[in-house]
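Notes to accompany the following structure.
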Amino acid sequence: MGQKSHPYGLRLGYIKTWKAKWFARGKQLISFLHEDLALRKFLKEKLGYAGISMVEIERSSGRVRVRIHTARPGVIIGRRGQEIDQVKEELADLVGEKELFIDIKEIKEPQLDAQLVAENVALQLEKRVSFRRAMKKTVLNARNKGGLGIKIQCKGRLGGAEIARSEGYRDGKIPLSTFRANIDYGFATAFTTYGTIGVKVWVYKGEVLVKKQEAEQAEERKTAAPVPETAAAVTAAGAPETKDVTPPPTQE
């Protein structure tokens, strides 16, 4: 049996944080969970064309904050905010009487976002683009944008073949077992006329040295020496007065 673990879940709490930030007990837990699932499903179906990579949900007393990470924020906001107002009204029906806030966060480089890359490849496969061409182009774009490594894999009836198979490409480093490695993972499904094709993407963006940074900051705070009292006294009193020692003029 395979021993693979999810790249996001493996790093959760170390260099990755939770996508849903709230606490509940009992029946409230079930209610909040199904509410979150409904919110994410609605946003993916309603705004799928806007390139949504991730949806974060935060809850506090009677408030719900939805943060949408998208590659095309202008499409979601719309002219004079008309689109976002409509989306907010529809989301408000899902959360009930709670106060709803929506934040839009732009993804600067969508070529390095694994979820968007996977969805882009799946869309090309649905349009009958060659799977090899789509994967090679994706790998090239990610490396050109500064990605340290990328791995892409497609599984299914590739090219309409009778027997399903798996093919993939990789370039650069993909340290899947390194906890401090910032690896973004995305998955998408292409619904073709001859069956479904799964697309997986891993993008390596560098290392996040959390413990080292915290240790260095603590060390800097400790070694920050206080100003000596004598130096502080001189600084406060100003420079000491100098006496004029010029010799008097000689009389002839």
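Chain identifiers are assigned as A, B, and so on, following the order in which chains appear in the structure tokens; residues are numbered from 1 within each chain, and ligands are numbered from 1 in order of appearance.
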
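Within stretch 14-117 of chain A, the backbone-based DSSP assignment of strand (DSSP E) covers A:Ala20, A:Lys21, A:Ile52, A:Ser53, A:Met54, A:Val55, A:Glu56, A:Ile57, A:Glu58, A:Arg59, A:Ser60, A:Arg63, A:Val64, A:Arg65, A:Val66, A:Arg67, A:Ile68, A:His69, A:Thr70, A:Glu99, A:Leu100, A:Phe101, A:Ile102, A:Asp103, A:Ile104, A:Lys105, A:Glu106.
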
Taking 4 positions as the minimum chain separation for residues in the same chain, which residues sit within 6 Å of stretch 187-203 of chain A when counting only C-alpha atoms? Answer as an MDAnalysis selection string.
chainID A and resid 114 118:119 122 126 149:156 183

At a cut-off of 10 Å, using only C-alpha atoms, what residues contact A:Lys108? Leave out same-chain residues fewer than 6 positions from it and give the result as a PyMOL selection string.
chain A and resi 70-72

Give the alpha helix (DSSP H) residues of stretch 57-119 of chain A, as assigned by DSSP on the backbone, as a VMD selection string.
chain A and resid 73 to 77 82 to 95 114 to 119

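Of the listed residues A:Gly168, A:Ala24, A:Lys136, A:Pro7, the one whose atoms come nearest to A:Gly186 is A:Pro7, with distances taken using only C-alpha atoms.
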
A:Ala50: which residues within 12 Å, counting only C-alpha atoms, same-chain residues fewer than 5 positions away excluded, as a ChimeraX atom specification?
/A:43-45,68-78,83,104,106-107,110,116,119-120

With only C-alpha atoms as the counted atoms, please give the residues lying no more than 9 Å from A:Ser60, apart from itself and same-chain residues fewer than 5 positions off, as a PDB file with N, CA and C atoms, in the first residue's frame.
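Output saved as out_11.pdb:
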ATOM      1  N   LYS A  21     -11.408  28.757  10.326  1.00  0.00           N
ATOM      2  CA  LYS A  21     -10.964  29.115  11.675  1.00  0.00           C
ATOM      3  C   LYS A  21     -12.178  29.402  12.548  1.00  0.00           C
ATOM      4  N   TRP A  22     -12.623  28.388  13.274  1.00  0.00           N
ATOM      5  CA  TRP A  22     -13.716  28.548  14.225  1.00  0.00           C
ATOM      6  C   TRP A  22     -13.736  27.364  15.161  1.00  0.00           C
ATOM      7  N   PHE A  23     -14.501  27.470  16.239  1.00  0.00           N
ATOM      8  CA  PHE A  23     -14.603  26.398  17.217  1.00  0.00           C
ATOM      9  C   PHE A  23     -16.068  26.182  17.559  1.00  0.00           C
ATOM     10  N   ARG A  65     -16.726  35.679   8.316  1.00  0.00           N
ATOM     11  CA  ARG A  65     -15.868  36.390   7.359  1.00  0.00           C
ATOM     12  C   ARG A  65     -15.381  35.401   6.311  1.00  0.00           C
TER      13      ARG A  65
END

Please list as a PyMOL selection string every residue within 8 Å of A:Glu99, counting only C-alpha atoms and excluding residues in the same chain fewer than 3 positions away.
chain A and resi 62-64+92

Could you dump the residues just selected with C-alpha atoms as a PDB file, in the first residue's frame?
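What landed in out.pdb:
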ATOM      1  CA  GLY A  62     -22.460  36.041  15.292  1.00  0.00           C
ATOM      2  CA  ARG A  63     -20.052  36.967  12.486  1.00  0.00           C
ATOM      3  CA  VAL A  64     -18.816  35.119   9.408  1.00  0.00           C
ATOM      4  CA  ALA A  92     -26.297  35.828   3.349  1.00  0.00           C
TER       5      ALA A  92
END

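Here atom CA of A:Tyr14 and atom CA of A:Val208 stand 9.5 Å from one another.
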
Could you name the residues that touch A:Glu89 at 10 Å or less, counting only C-alpha atoms, but leaving out those on the same chain fewer than 5 positions away, as an mmCIF file with N, CA and C atoms, in the first residue's frame?
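Result file around_3.cif:
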data_model
loop_
_atom_site.group_PDB
_atom_site.id
_atom_site.type_symbol
_atom_site.label_atom_id
_atom_site.label_comp_id
_atom_site.auth_asym_id
_atom_site.auth_seq_id
_atom_site.Cartn_x
_atom_site.Cartn_y
_atom_site.Cartn_z
ATOM 1 N N ILE A 84 -20.210 41.900 -6.509
ATOM 2 C CA ILE A 84 -19.918 41.443 -5.149
ATOM 3 C C ILE A 84 -21.108 41.645 -4.232
ATOM 4 N N LEU A 94 -27.399 31.751 2.940
ATOM 5 C CA LEU A 94 -26.839 30.484 3.403
ATOM 6 C C LEU A 94 -26.424 30.535 4.871
ATOM 7 N N LEU A 100 -22.346 38.969 7.785
ATOM 8 C CA LEU A 100 -21.432 38.412 6.781
ATOM 9 C C LEU A 100 -20.488 39.488 6.258
#
